[in-house]
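Q: Below you'll find query19.cif; it's mmCIF, C-alpha atoms and all ligand atoms.
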```
data_run
#
loop_
_atom_site.group_PDB
_atom_site.id
_atom_site.type_symbol
_atom_site.label_atom_id
_atom_site.label_comp_id
_atom_site.auth_asym_id
_atom_site.auth_seq_id
_atom_site.Cartn_x
_atom_site.Cartn_y
_atom_site.Cartn_z
ATOM 1 C CA MET A 235 0.000 0.000 0.000
ATOM 2 C CA ALA A 236 1.333 3.575 -0.717
ATOM 3 C CA SER A 237 2.633 5.610 2.236
ATOM 4 C CA GLY A 238 -0.581 7.674 2.372
ATOM 5 C CA GLY A 239 -2.523 4.478 3.116
ATOM 6 C CA LEU A 240 -4.989 4.346 6.026
ATOM 7 C CA VAL A 241 -2.830 2.210 8.308
ATOM 8 C CA SER A 242 0.445 4.029 7.951
ATOM 9 C CA SER A 243 -0.436 7.573 9.145
ATOM 10 C CA SER A 244 -2.120 8.896 12.260
ATOM 11 C CA SER A 245 -4.797 10.612 10.224
ATOM 12 C CA GLY A 246 -5.122 7.341 8.399
ATOM 13 C CA THR A 247 -5.580 5.531 11.729
ATOM 14 C CA MET A 248 -8.282 8.017 12.695
ATOM 15 C CA GLY A 249 -9.951 7.510 9.345
ATOM 16 C CA CYS A 250 -9.791 3.780 9.858
ATOM 17 C CA SER A 251 -11.341 4.071 13.340
ATOM 18 C CA LEU A 252 -14.085 6.296 11.978
ATOM 19 C CA VAL A 253 -14.855 3.773 9.265
ATOM 20 C CA LEU A 254 -14.934 1.009 11.894
ATOM 21 C CA ILE A 255 -17.261 3.053 14.127
ATOM 22 C CA MET A 256 -19.539 3.772 11.166
ATOM 23 C CA LEU A 257 -19.600 0.103 10.230
ATOM 24 C CA ALA A 258 -20.392 -0.832 13.839
ATOM 25 C CA VAL A 259 -23.237 1.713 13.966
ATOM 26 C CA MET A 260 -24.608 0.430 10.639
ATOM 27 C CA ALA A 261 -24.366 -3.179 11.820
ATOM 28 C CA PHE A 262 -26.102 -2.249 15.097
ATOM 29 C CA SER A 263 -28.970 -0.470 13.367
ATOM 30 C CA ARG A 264 -29.369 -3.385 10.911
ATOM 31 C CA CYS A 265 -29.456 -5.669 13.925
ATOM 32 C CA ILE A 266 -32.240 -3.621 15.537
ATOM 33 C CA ILE A 267 -34.257 -3.708 12.294
ATOM 34 C CA CYS A 268 -33.661 -7.468 12.001
ATOM 35 C CA MET A 269 -34.749 -8.009 15.607
ATOM 36 C CA ALA A 270 -37.918 -6.019 15.000
ATOM 37 C CA THR A 271 -38.916 -8.126 12.001
ATOM 38 C CA ALA A 272 -37.566 -11.325 13.551
ATOM 39 C CA VAL A 273 -40.226 -11.247 16.257
ATOM 40 C CA GLU A 274 -42.905 -11.782 13.636
ATOM 41 C CA GLU A 275 -40.797 -13.738 11.165
ATOM 42 C CA ARG A 276 -39.100 -16.067 13.645
ATOM 43 C CA SER A 277 -39.103 -19.602 12.369
ATOM 44 C CA LEU A 278 -41.249 -21.972 14.370
ATOM 45 C CA LEU A 279 -38.431 -24.473 13.971
ATOM 46 C CA GLU A 280 -36.602 -22.498 16.662
ATOM 47 C CA THR A 281 -39.326 -23.161 19.189
ATOM 48 C CA ALA A 282 -41.006 -26.291 17.792
ATOM 49 C CA GLU A 283 -44.365 -24.872 18.924
ATOM 50 C CA PHE A 284 -46.557 -25.914 16.054
ATOM 51 C CA THR A 285 -50.254 -25.177 16.435
ATOM 52 C CA LEU A 286 -52.756 -23.843 13.908
ATOM 53 C CA ASP A 287 -52.424 -20.435 15.583
ATOM 54 C CA SER A 288 -48.644 -20.420 15.499
ATOM 55 C CA VAL A 289 -48.380 -21.504 11.864
ATOM 56 C CA ARG A 290 -50.922 -18.846 10.913
ATOM 57 C CA GLN A 291 -48.829 -16.300 12.793
ATOM 58 C CA SER A 292 -45.824 -17.306 10.744
ATOM 59 C CA LEU A 293 -47.864 -16.907 7.532
ATOM 60 C CA THR A 294 -48.843 -13.420 8.717
ATOM 61 C CA GLY A 295 -45.188 -12.490 9.269
ATOM 62 C CA GLN A 296 -44.280 -13.819 5.827
ATOM 63 C CA GLU A 297 -46.859 -11.470 4.289
ATOM 64 C CA ASP A 298 -44.691 -8.525 5.346
ATOM 65 C CA THR A 299 -41.687 -9.940 3.507
ATOM 66 C CA ILE A 300 -43.755 -10.621 0.393
ATOM 67 C CA VAL A 301 -45.261 -7.123 0.313
ATOM 68 C CA TYR A 302 -41.847 -5.448 0.819
ATOM 69 C CA ARG A 303 -40.386 -7.567 -1.959
ATOM 70 C CA LEU A 304 -43.271 -6.752 -4.304
ATOM 71 C CA ILE A 305 -42.549 -3.073 -3.707
ATOM 72 C CA GLU A 306 -38.853 -3.615 -4.451
ATOM 73 C CA ARG A 307 -39.506 -5.504 -7.704
ATOM 74 C CA ALA A 308 -41.975 -2.852 -8.856
ATOM 75 C CA LYS A 309 -39.132 -0.291 -8.887
ATOM 76 C CA PHE A 310 -37.853 -1.868 -12.109
ATOM 77 C CA PRO A 311 -39.668 -2.205 -15.425
ATOM 78 C CA LEU A 312 -40.342 -5.656 -16.857
ATOM 79 C CA ASN A 313 -36.828 -6.063 -18.332
ATOM 80 C CA SER A 314 -38.091 -8.965 -20.415
ATOM 81 C CA ARG A 315 -34.670 -9.817 -21.914
ATOM 82 C CA LEU A 316 -33.921 -11.520 -18.603
ATOM 83 C CA TYR A 317 -36.680 -14.028 -19.269
ATOM 84 C CA ASP A 318 -36.422 -14.486 -23.004
ATOM 85 C CA GLN A 319 -34.773 -17.610 -24.332
ATOM 86 C CA LYS A 320 -33.955 -16.016 -27.666
ATOM 87 C CA TYR A 321 -31.417 -13.606 -26.177
ATOM 88 C CA GLU A 322 -28.246 -15.539 -25.478
ATOM 89 C CA LEU A 323 -27.121 -13.332 -22.618
ATOM 90 C CA VAL A 324 -24.839 -15.995 -21.171
ATOM 91 C CA PRO A 325 -22.689 -17.358 -24.022
ATOM 92 C CA GLY A 326 -22.444 -21.137 -23.875
ATOM 93 C CA SER A 327 -25.241 -21.450 -21.309
ATOM 94 C CA PRO A 328 -28.637 -22.508 -22.672
ATOM 95 C CA GLY A 329 -31.760 -21.079 -21.062
ATOM 96 C CA THR A 330 -32.600 -17.597 -19.901
ATOM 97 C CA LEU A 331 -30.454 -15.253 -17.873
ATOM 98 C CA ILE A 332 -32.821 -15.510 -14.906
ATOM 99 C CA GLN A 333 -32.506 -19.332 -14.941
ATOM 100 C CA PHE A 334 -28.725 -19.032 -14.983
ATOM 101 C CA LEU A 335 -28.643 -16.500 -12.132
ATOM 102 C CA PHE A 336 -31.229 -18.359 -10.040
ATOM 103 C CA LYS A 337 -29.315 -21.657 -10.342
ATOM 104 C CA GLN A 338 -26.046 -19.956 -9.362
ATOM 105 C CA THR A 339 -27.755 -18.306 -6.375
ATOM 106 C CA GLU A 340 -29.182 -21.618 -5.187
ATOM 107 C CA ILE A 341 -25.772 -23.298 -5.517
ATOM 108 C CA VAL A 342 -24.164 -20.669 -3.273
ATOM 109 C CA GLN A 343 -27.057 -20.710 -0.791
ATOM 110 C CA ALA A 344 -27.106 -24.528 -0.664
ATOM 111 C CA LYS A 345 -23.462 -24.389 0.442
ATOM 112 C CA ALA A 346 -24.534 -22.066 3.242
ATOM 113 C CA GLY A 347 -27.163 -24.608 4.349
ATOM 114 C CA ARG A 348 -30.330 -22.938 3.044
ATOM 115 C CA TYR A 349 -31.966 -26.189 1.936
ATOM 116 C CA LEU A 350 -31.274 -28.052 5.157
ATOM 117 C CA ASN A 351 -34.097 -25.917 6.509
ATOM 118 C CA PRO A 352 -37.407 -27.747 5.854
ATOM 119 C CA GLU A 353 -39.090 -24.344 5.327
ATOM 120 C CA GLU A 354 -37.025 -23.844 2.160
ATOM 121 C CA THR A 355 -37.670 -25.539 -1.183
ATOM 122 C CA PRO A 356 -35.254 -25.143 -4.122
ATOM 123 C CA PHE A 357 -36.407 -24.219 -7.631
ATOM 124 C CA PHE A 358 -33.534 -26.172 -9.218
ATOM 125 C CA PRO A 359 -33.015 -29.119 -6.858
ATOM 126 C CA GLU A 360 -30.931 -31.163 -9.315
ATOM 127 C CA ASN A 361 -27.241 -31.366 -8.445
ATOM 128 C CA LEU A 362 -27.244 -28.875 -5.572
ATOM 129 C CA PRO A 363 -23.996 -29.092 -3.612
ATOM 130 C CA PRO A 364 -24.016 -30.164 0.050
ATOM 131 C CA SER A 365 -23.871 -27.606 2.817
ATOM 132 C CA VAL A 366 -20.455 -26.682 4.152
ATOM 133 C CA ILE A 367 -22.117 -25.783 7.456
ATOM 134 C CA GLN A 368 -22.376 -28.937 9.534
ATOM 135 C CA ASP A 369 -23.484 -27.693 12.929
ATOM 136 C CA ARG A 370 -27.107 -26.771 12.200
ATOM 137 C CA THR A 371 -29.852 -29.329 12.720
ATOM 138 C CA TYR A 372 -33.608 -28.787 12.581
ATOM 139 C CA PRO A 373 -36.282 -30.557 14.609
ATOM 140 C CA VAL A 374 -38.199 -33.057 12.502
ATOM 141 C CA PHE A 375 -41.848 -31.996 12.441
ATOM 142 C CA LEU A 376 -42.990 -32.944 8.942
ATOM 143 C CA HIS A 377 -43.743 -36.520 7.905
ATOM 144 C CA LEU A 378 -40.630 -37.262 5.824
ATOM 145 C CA PRO A 379 -42.192 -39.142 2.854
ATOM 146 C CA ALA A 380 -44.495 -36.129 2.360
ATOM 147 C CA ALA A 381 -41.932 -33.387 2.954
ATOM 148 C CA SER A 382 -40.592 -33.536 -0.610
ATOM 149 C CA VAL A 383 -43.690 -31.882 -2.159
ATOM 150 C CA ASN A 384 -42.376 -29.187 -4.512
ATOM 151 C CA VAL A 385 -44.624 -26.943 -6.644
ATOM 152 C CA ASN A 386 -41.921 -24.424 -7.548
ATOM 153 C CA ASN A 387 -42.300 -25.135 -11.284
ATOM 154 C CA ILE A 388 -45.928 -23.936 -11.034
ATOM 155 C CA ILE A 389 -44.934 -20.894 -8.943
ATOM 156 C CA TRP A 390 -42.297 -20.053 -11.576
ATOM 157 C CA ASP A 391 -44.789 -20.273 -14.430
ATOM 158 C CA VAL A 392 -47.479 -18.231 -12.665
ATOM 159 C CA TYR A 393 -45.007 -15.572 -11.545
ATOM 160 C CA PHE A 394 -43.378 -14.896 -14.899
ATOM 161 C CA ASN A 395 -46.317 -15.518 -17.223
ATOM 162 C CA LYS A 396 -49.274 -14.187 -15.254
ATOM 163 C CA PHE A 397 -48.344 -12.068 -12.256
ATOM 164 C CA LEU A 398 -45.194 -10.092 -13.135
ATOM 165 C CA PRO A 399 -46.721 -8.280 -16.141
ATOM 166 C CA LEU A 400 -49.481 -7.009 -13.791
ATOM 167 C CA LEU A 401 -47.002 -5.792 -11.160
ATOM 168 C CA VAL A 402 -44.444 -3.871 -13.224
ATOM 169 C CA LYS A 403 -44.412 -1.290 -15.986
ATOM 170 C CA PRO A 404 -43.395 -2.406 -19.468
ATOM 171 C CA GLY A 405 -39.933 -1.369 -20.623
ATOM 172 C CA ASP A 406 -36.256 -2.131 -20.279
ATOM 173 C CA ASP A 407 -33.773 -0.103 -18.211
ATOM 174 C CA GLY A 408 -30.922 -2.613 -18.562
ATOM 175 C CA ASN A 409 -30.696 -3.175 -14.788
ATOM 176 C CA TYR A 410 -30.661 -6.936 -15.160
ATOM 177 C CA ALA A 411 -28.561 -7.844 -12.117
ATOM 178 C CA ALA A 412 -30.644 -5.795 -9.666
ATOM 179 C CA THR A 413 -33.917 -6.854 -11.284
ATOM 180 C CA SER A 414 -33.044 -10.540 -11.156
ATOM 181 C CA ALA A 415 -31.893 -10.245 -7.521
ATOM 182 C CA SER A 416 -35.303 -8.773 -6.778
ATOM 183 C CA ASP A 417 -37.123 -11.559 -8.682
ATOM 184 C CA ILE A 418 -35.129 -14.225 -6.851
ATOM 185 C CA GLU A 419 -35.876 -12.811 -3.400
ATOM 186 C CA LEU A 420 -39.553 -12.389 -4.197
ATOM 187 C CA LEU A 421 -39.882 -15.884 -5.667
ATOM 188 C CA GLN A 422 -38.119 -17.383 -2.649
ATOM 189 C CA ALA A 423 -40.518 -15.589 -0.289
ATOM 190 C CA LEU A 424 -43.546 -16.781 -2.284
ATOM 191 C CA SER A 425 -42.196 -20.319 -2.401
ATOM 192 C CA ARG A 426 -41.553 -20.365 1.348
ATOM 193 C CA ARG A 427 -45.083 -19.137 2.049
ATOM 194 C CA ILE A 428 -46.749 -21.578 -0.318
ATOM 195 C CA HIS A 429 -44.709 -24.583 0.849
ATOM 196 C CA TYR A 430 -45.564 -23.641 4.417
ATOM 197 C CA GLY A 431 -48.749 -25.469 3.499
ATOM 198 C CA LYS A 432 -46.856 -28.615 4.539
ATOM 199 C CA PHE A 433 -46.638 -27.349 8.122
ATOM 200 C CA VAL A 434 -50.265 -26.228 8.108
ATOM 201 C CA ALA A 435 -51.335 -29.636 6.805
ATOM 202 C CA GLU A 436 -49.272 -31.506 9.392
ATOM 203 C CA VAL A 437 -50.838 -29.468 12.211
ATOM 204 C CA LYS A 438 -54.338 -30.037 10.852
ATOM 205 C CA TYR A 439 -53.688 -33.754 10.430
ATOM 206 C CA ARG A 440 -52.350 -34.117 13.978
ATOM 207 C CA GLU A 441 -55.347 -32.241 15.373
ATOM 208 C CA ALA A 442 -57.875 -34.517 13.648
ATOM 209 C CA PRO A 443 -56.288 -37.716 12.237
ATOM 210 C CA HIS A 444 -59.612 -39.570 12.426
ATOM 211 C CA GLU A 445 -61.127 -37.025 9.996
ATOM 212 C CA TYR A 446 -58.223 -36.992 7.560
ATOM 213 C CA GLU A 447 -57.216 -40.669 7.436
ATOM 214 C CA PRO A 448 -60.270 -42.096 5.623
ATOM 215 C CA LEU A 449 -60.051 -39.334 2.996
ATOM 216 C CA ILE A 450 -56.327 -39.925 2.513
ATOM 217 C CA ARG A 451 -56.858 -43.677 2.121
ATOM 218 C CA ALA A 452 -59.652 -43.007 -0.391
ATOM 219 C CA LYS A 453 -57.326 -40.506 -2.189
ATOM 220 C CA ASP A 454 -60.272 -38.111 -2.177
ATOM 221 C CA ARG A 455 -58.672 -34.807 -3.170
ATOM 222 C CA ASN A 456 -61.920 -32.836 -3.242
ATOM 223 C CA ALA A 457 -62.983 -33.946 0.220
ATOM 224 C CA LEU A 458 -59.508 -33.162 1.595
ATOM 225 C CA MET A 459 -59.636 -29.733 -0.013
ATOM 226 C CA ASN A 460 -63.035 -29.044 1.575
ATOM 227 C CA LEU A 461 -61.904 -30.243 4.979
ATOM 228 C CA LEU A 462 -58.833 -28.011 5.106
ATOM 229 C CA THR A 463 -60.505 -24.897 3.685
ATOM 230 C CA PHE A 464 -61.569 -22.026 5.993
ATOM 231 C CA LYS A 465 -63.226 -19.387 3.823
ATOM 232 C CA LYS A 466 -63.420 -16.799 6.627
ATOM 233 C CA GLN A 467 -59.683 -17.141 7.250
ATOM 234 C CA GLU A 468 -58.992 -16.627 3.548
ATOM 235 C CA GLU A 469 -61.121 -13.467 3.461
ATOM 236 C CA MET A 470 -59.259 -12.106 6.472
ATOM 237 C CA VAL A 471 -55.890 -12.808 4.836
ATOM 238 C CA MET A 472 -56.969 -10.995 1.665
ATOM 239 C CA ARG A 473 -58.132 -7.925 3.553
ATOM 240 C CA ARG A 474 -54.955 -7.845 5.633
ATOM 241 C CA VAL A 475 -52.524 -8.142 2.710
ATOM 242 C CA GLU A 476 -54.350 -5.387 0.842
ATOM 243 C CA LYS A 477 -54.004 -3.166 3.904
ATOM 244 C CA LYS A 478 -50.300 -4.006 4.117
ATOM 245 C CA GLY A 479 -49.984 -2.999 0.459
ATOM 246 C CA MET A 480 -51.431 0.398 1.436
ATOM 247 C CA VAL A 481 -49.456 0.905 4.640
ATOM 248 C CA PHE A 482 -46.063 -0.327 3.426
ATOM 249 C CA GLY A 483 -46.541 1.191 -0.024
ATOM 250 C CA GLN A 484 -47.288 4.763 1.084
ATOM 251 C CA TYR A 485 -45.195 7.651 -0.164
ATOM 252 C CA VAL A 486 -43.857 9.242 3.018
ATOM 253 C CA SER A 487 -43.801 13.018 3.185
ATOM 254 C CA LEU A 488 -42.632 15.285 6.022
ATOM 255 C CA ASN A 489 -45.667 17.391 5.364
ATOM 256 C CA ASP A 490 -48.450 15.656 7.312
ATOM 257 C CA THR A 491 -51.221 17.295 5.344
ATOM 258 C CA GLU A 492 -49.804 16.153 2.032
ATOM 259 C CA SER A 493 -51.283 12.870 0.920
ATOM 260 C CA THR A 494 -51.088 11.843 -2.719
ATOM 261 C CA GLY A 495 -53.486 8.931 -2.298
ATOM 262 C CA LYS A 496 -51.055 6.963 -4.466
ATOM 263 C CA TYR A 497 -49.200 3.783 -3.531
ATOM 264 C CA LYS A 498 -45.967 2.209 -4.717
ATOM 265 C CA ILE A 499 -47.906 -0.861 -5.811
ATOM 266 C CA ASP A 500 -51.617 -1.308 -6.356
ATOM 267 C CA PRO A 501 -52.855 -2.704 -2.975
ATOM 268 C CA SER A 502 -55.666 -4.618 -4.680
ATOM 269 C CA LEU A 503 -53.031 -6.471 -6.708
ATOM 270 C CA VAL A 504 -51.650 -7.921 -3.474
ATOM 271 C CA SER A 505 -55.025 -9.361 -2.493
ATOM 272 C CA GLN A 506 -55.471 -10.621 -6.065
ATOM 273 C CA LEU A 507 -52.093 -12.355 -5.861
ATOM 274 C CA TYR A 508 -53.198 -14.070 -2.680
ATOM 275 C CA GLU A 509 -56.697 -14.913 -3.870
ATOM 276 C CA LYS A 510 -55.757 -16.288 -7.298
ATOM 277 C CA TRP A 511 -52.391 -17.918 -6.645
ATOM 278 C CA VAL A 512 -50.848 -17.852 -3.173
ATOM 279 C CA MET A 513 -53.731 -19.374 -1.211
ATOM 280 C CA PRO A 514 -54.854 -21.872 -3.894
ATOM 281 C CA LEU A 515 -51.255 -23.101 -4.288
ATOM 282 C CA THR A 516 -50.838 -23.317 -0.499
ATOM 283 C CA LYS A 517 -53.955 -25.482 -0.425
ATOM 284 C CA ASP A 518 -52.636 -27.645 -3.290
ATOM 285 C CA VAL A 519 -49.454 -28.181 -1.251
ATOM 286 C CA GLU A 520 -51.600 -29.110 1.763
ATOM 287 C CA VAL A 521 -53.546 -31.688 -0.280
ATOM 288 C CA GLU A 522 -50.409 -33.148 -1.926
ATOM 289 C CA TYR A 523 -48.737 -33.399 1.466
ATOM 290 C CA LEU A 524 -51.757 -35.083 3.052
ATOM 291 C CA LEU A 525 -52.019 -37.596 0.224
ATOM 292 C CA LYS A 526 -48.530 -38.790 1.181
ATOM 293 C CA ARG A 527 -49.096 -38.424 4.918
ATOM 294 C CA LEU A 528 -49.682 -42.142 5.520
ATOM 295 C CA ASP A 529 -46.864 -43.360 3.246
ATOM 296 C CA GLY A 530 -44.487 -45.577 5.171
ATOM 297 C CA GLU A 531 -46.898 -45.949 8.100
ATOM 298 C CA GLN A 532 -48.402 -49.233 9.256
ATOM 299 C CA LYS A 533 -52.153 -49.496 8.707
ATOM 300 C CA GLN A 534 -53.946 -49.451 12.077
ATOM 301 C CA VAL A 535 -55.938 -52.586 12.816
ATOM 302 C CA PRO A 536 -59.302 -51.441 14.222
HETATM 303 O O1 LIG B 1 -54.989 -20.978 7.762
HETATM 304 C C1 LIG B 1 -55.232 -22.082 7.254
HETATM 305 O O2 LIG B 1 -55.994 -22.900 7.768
HETATM 306 C C2 LIG B 1 -54.601 -22.442 5.992
HETATM 307 O O3 LIG B 1 -54.719 -23.566 5.552
HETATM 308 C C3 LIG B 1 -53.883 -21.393 5.200
HETATM 309 C C4 LIG B 1 -54.799 -20.752 4.166
HETATM 310 C C5 LIG B 1 -53.919 -19.693 3.453
HETATM 311 O O4 LIG B 1 -53.309 -20.027 2.450
HETATM 312 O O5 LIG B 1 -53.820 -18.566 3.975
HETATM 313 C C6 LIG B 1 -55.231 -21.794 3.224
HETATM 314 C C7 LIG B 1 -56.414 -22.427 3.364
HETATM 315 C C8 LIG B 1 -57.463 -22.011 4.306
HETATM 316 O O6 LIG B 1 -58.701 -22.002 3.686
HETATM 317 C C9 LIG B 1 -57.138 -20.711 4.935
HETATM 318 C C10 LIG B 1 -55.954 -20.113 4.816
#
```
In structure tokens, write the structure found in this file.
Ligand SMILES: O=C(O)C(=O)C[C@]1(C(=O)O)C=C[C@@H](O)C=C1
A:
Amino acid sequence: MASGGLVSSSSGTMGCSLVLIMLAVMAFSRCIICMATAVEERSLLETAEFTLDSVRQSLTGQEDTIVYRLIERAKFPLNSRLYDQKYELVPGSPGTLIQFLFKQTEIVQAKAGRYLNPEETPFFPENLPPSVIQDRTYPVFLHLPAASVNVNNIIWDVYFNKFLPLLVKPGDDGNYAATSASDIELLQALSRRIHYGKFVAEVKYREAPHEYEPLIRAKDRNALMNLLTFKKQEEMVMRRVEKKGMVFGQYVSLNDTESTGKYKIDPSLVSQLYEKWVMPLTKDVEVEYLLKRLDGEQKQVP
């Protein structure tokens, strides 16, 4: 390093200390923000307290993440070149740029242990590397033969072909890296929420096995769907996510009297997302999970 470097002069040392203090302050404030959201978002796997109330509380916390991530993605236009097979943006790599970036992200995150967590489901599960982190174990709550349910291919299709064009403006600003990072985080949050249906289903099954077992044995999808559906709960979820779209998506002004009445995303789009895709797919996961819930178990002799 040249003689004017930070470490070799006293002013440099001061500068270095200042940078360290600033970093410490930034880390502390991030920590406070994380703690605030962590109360709601905390994984139930930390406490192993699974009840219908507690899993619903987790779903409520996950709504916040989804709404924030919708707002973030809506800052960019569609940037369709990311998703279009005909643009060879990565020479020598078939597929779209978003597929390439998503796979690379999952490879890195798998090494950090993301998919050891039963709340996480990969979009590209083939050939993921093992975790380099060995010291993290999770309590086993799900029935293992049923825990592999994965509807990420449907979530992918719905997100890119139906939902995204409603959320963002048309156009291309060339910000492909930031846009794809935003897509990946949003898709991961949606996937986590939808696959949480496995936990909901397990709780419901444990609370009333005598009601579920005959339907599972009869492979009666419709009856299972009816049994696990709570229309009033769904209506409440839709109203709440729309309100979150309004509250989190406000434009904040220092002038209290100034209200534009505009939001960063259309709040009704959030409830539409939940009504048309998030809740139906969560219920599909619940049914698929339940259909496998007795696999590997001995049939009870009455
Ligand atoms: O809360 C439940 O009981 C769930 O199964 C979750 C959920 C949802 O996706 O929000 C799905 C189905 C029910 O009809 C109500 C809500």
Q: Is there a way to get, as JSON, numbers by chain, all residues within 12 Å of the point (-54.9, -14.9, -5.2) in file coordinates, counting all atoms listed in the file?
A: {"A": [392, 393, 396, 397, 424, 428, 468, 469, 471, 472, 473, 475, 476, 502, 503, 504, 505, 506, 507, 508, 509, 510, 511, 512, 513, 514, 515, 516, 517]}
Q: What does the PyMOL selection byres (((chain A and resi 518-522) around 7) and not hetatm) select in this file, as a short mmCIF file (atom, residue, chain, number, x, y, z; two decimals) with C-alpha atoms, keeping the file's coordinate frame?
A:
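As written to disk, expr.cif reads:
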```cif
data_model
loop_
_atom_site.label_atom_id
_atom_site.label_comp_id
_atom_site.auth_asym_id
_atom_site.auth_seq_id
_atom_site.Cartn_x
_atom_site.Cartn_y
_atom_site.Cartn_z
CA VAL A 383 -43.69 -31.88 -2.16
CA HIS A 429 -44.71 -24.58 0.85
CA GLY A 431 -48.75 -25.47 3.50
CA LYS A 432 -46.86 -28.62 4.54
CA ALA A 435 -51.34 -29.64 6.80
CA ARG A 455 -58.67 -34.81 -3.17
CA LEU A 458 -59.51 -33.16 1.60
CA MET A 459 -59.64 -29.73 -0.01
CA PRO A 514 -54.85 -21.87 -3.89
CA LEU A 515 -51.26 -23.10 -4.29
CA THR A 516 -50.84 -23.32 -0.50
CA LYS A 517 -53.96 -25.48 -0.42
CA TYR A 523 -48.74 -33.40 1.47
CA LEU A 524 -51.76 -35.08 3.05
CA LEU A 525 -52.02 -37.60 0.22
CA LYS A 526 -48.53 -38.79 1.18
#
```
Q: Tell me which of A:Gly295, A:Ala308, A:Glu283, A:Val374 sits closest to ligand LIG 1 (chain B), counting all atoms listed in the file.
A: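 Between A:Gly295, A:Ala308, A:Glu283, A:Val374, the residue approaching ligand LIG 1 (chain B) most closely is A:Gly295.
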Q: Would you list the contacts of region 402-404 of chain A as an mmCIF file with C-alpha atoms, keeping the file's coordinate frame, taking every protein, DNA or RNA residue within 8 Å and counting all atoms listed in the file, but skipping same-chain residues closer than 2 positions in sequence?
A:
```
data_model
loop_
_atom_site.group_PDB
_atom_site.id
_atom_site.type_symbol
_atom_site.label_atom_id
_atom_site.label_comp_id
_atom_site.auth_asym_id
_atom_site.auth_seq_id
_atom_site.Cartn_x
_atom_site.Cartn_y
_atom_site.Cartn_z
ATOM 1 C CA ARG A 307 -39.506 -5.504 -7.704
ATOM 2 C CA ALA A 308 -41.975 -2.852 -8.856
ATOM 3 C CA LYS A 309 -39.132 -0.291 -8.887
ATOM 4 C CA PHE A 310 -37.853 -1.868 -12.109
ATOM 5 C CA PRO A 311 -39.668 -2.205 -15.425
ATOM 6 C CA LEU A 312 -40.342 -5.656 -16.857
ATOM 7 C CA ASN A 313 -36.828 -6.063 -18.332
ATOM 8 C CA LEU A 398 -45.194 -10.092 -13.135
ATOM 9 C CA PRO A 399 -46.721 -8.280 -16.141
ATOM 10 C CA LEU A 400 -49.481 -7.009 -13.791
ATOM 11 C CA ASP A 406 -36.256 -2.131 -20.279
#
```
Q: May I have the protein, DNA and RNA residues with an atom at most 12 Å from (-49.5, -14.1, 12.5), counting only C-alpha atoms in the file's coordinates, returned as a short mmCIF file (atom, residue, chain, number, x, y, z; two decimals) with C-alpha atoms, in the coordinates of the input?
A:
```cif
data_model
loop_
_atom_site.label_atom_id
_atom_site.label_comp_id
_atom_site.auth_asym_id
_atom_site.auth_seq_id
_atom_site.Cartn_x
_atom_site.Cartn_y
_atom_site.Cartn_z
CA VAL A 273 -40.23 -11.25 16.26
CA GLU A 274 -42.90 -11.78 13.64
CA GLU A 275 -40.80 -13.74 11.16
CA ARG A 276 -39.10 -16.07 13.64
CA SER A 277 -39.10 -19.60 12.37
CA LEU A 278 -41.25 -21.97 14.37
CA THR A 285 -50.25 -25.18 16.43
CA LEU A 286 -52.76 -23.84 13.91
CA ASP A 287 -52.42 -20.43 15.58
CA SER A 288 -48.64 -20.42 15.50
CA VAL A 289 -48.38 -21.50 11.86
CA ARG A 290 -50.92 -18.85 10.91
CA GLN A 291 -48.83 -16.30 12.79
CA SER A 292 -45.82 -17.31 10.74
CA LEU A 293 -47.86 -16.91 7.53
CA THR A 294 -48.84 -13.42 8.72
CA GLY A 295 -45.19 -12.49 9.27
CA GLN A 296 -44.28 -13.82 5.83
CA GLU A 297 -46.86 -11.47 4.29
CA ASP A 298 -44.69 -8.52 5.35
CA GLN A 467 -59.68 -17.14 7.25
CA MET A 470 -59.26 -12.11 6.47
CA VAL A 471 -55.89 -12.81 4.84
CA ARG A 474 -54.96 -7.84 5.63
CA VAL A 475 -52.52 -8.14 2.71
#
```
Q: Pull out every residue that the PyMOL selection byres (((chain A and resi 449) around 12) and not hetatm) matches in the shown coordinates and put them as a ChimeraX atom specification.
A: /A:439,442-448,450-462,521,524-528
Q: Given only C-alpha atoms as the basis, pick out the residue of A:Asn409, A:Ser487, A:Thr355, A:Gln338 nearest to Leu421 (chain A).
A: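 Ranking A:Asn409, A:Ser487, A:Thr355, A:Gln338 by distance to Leu421 (chain A), first place goes to A:Thr355.
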Q: Rounded to one decimal, what separation in Å do you get between CA of Ile388 (chain A) and CA of Phe358 (chain A)?
A: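 Between CA of Ile388 (chain A) and CA of Phe358 (chain A) the gap works out to 12.7 Å.
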Q: Give me the box for ligand LIG 1 (chain B) as JSON, namely the centre and edge lengths in Å to one decimal of a box along x, y and z that holds every listed atom plus 5 Å on each side.
A:
```
{"center_x": -56.0, "center_y": -21.1, "center_z": 5.1, "size_x": 15.4, "size_y": 15.0, "size_z": 15.3}
```
Q: Could you please determine the separation between CA of Ile300 (chain A) and CA of Ala423 (chain A) in Å, to one decimal place?
A: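 Separation of CA of Ile300 (chain A) and CA of Ala423 (chain A): 6.0 Å.
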Q: Could you spell out the hits of the PyMOL selection byres (((chain A and resi 483) around 7) and not hetatm) on the shown file, as a list in words?
A: Ile305, Gly479, Met480, Val481, Phe482, Gln484, Tyr485, Tyr497, Lys498 and Ile499 of chain A
Q: Provide the CA of Thr339 (chain A) to CA of Val324 (chain A) distance in Å, to one decimal place.
A: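 Spanning CA of Thr339 (chain A) to CA of Val324 (chain A) is a straight-line distance of 15.3 Å.
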Q: From the options A:Lys478, A:Lys496, A:His377, A:Arg427, which residue's atoms come nearest to ligand LIG 1 (chain B), counting only C-alpha atoms and all ligand atoms?
A: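 Using only C-alpha atoms and all ligand atoms, the shortest distance to ligand LIG 1 (chain B) belongs to A:Arg427.
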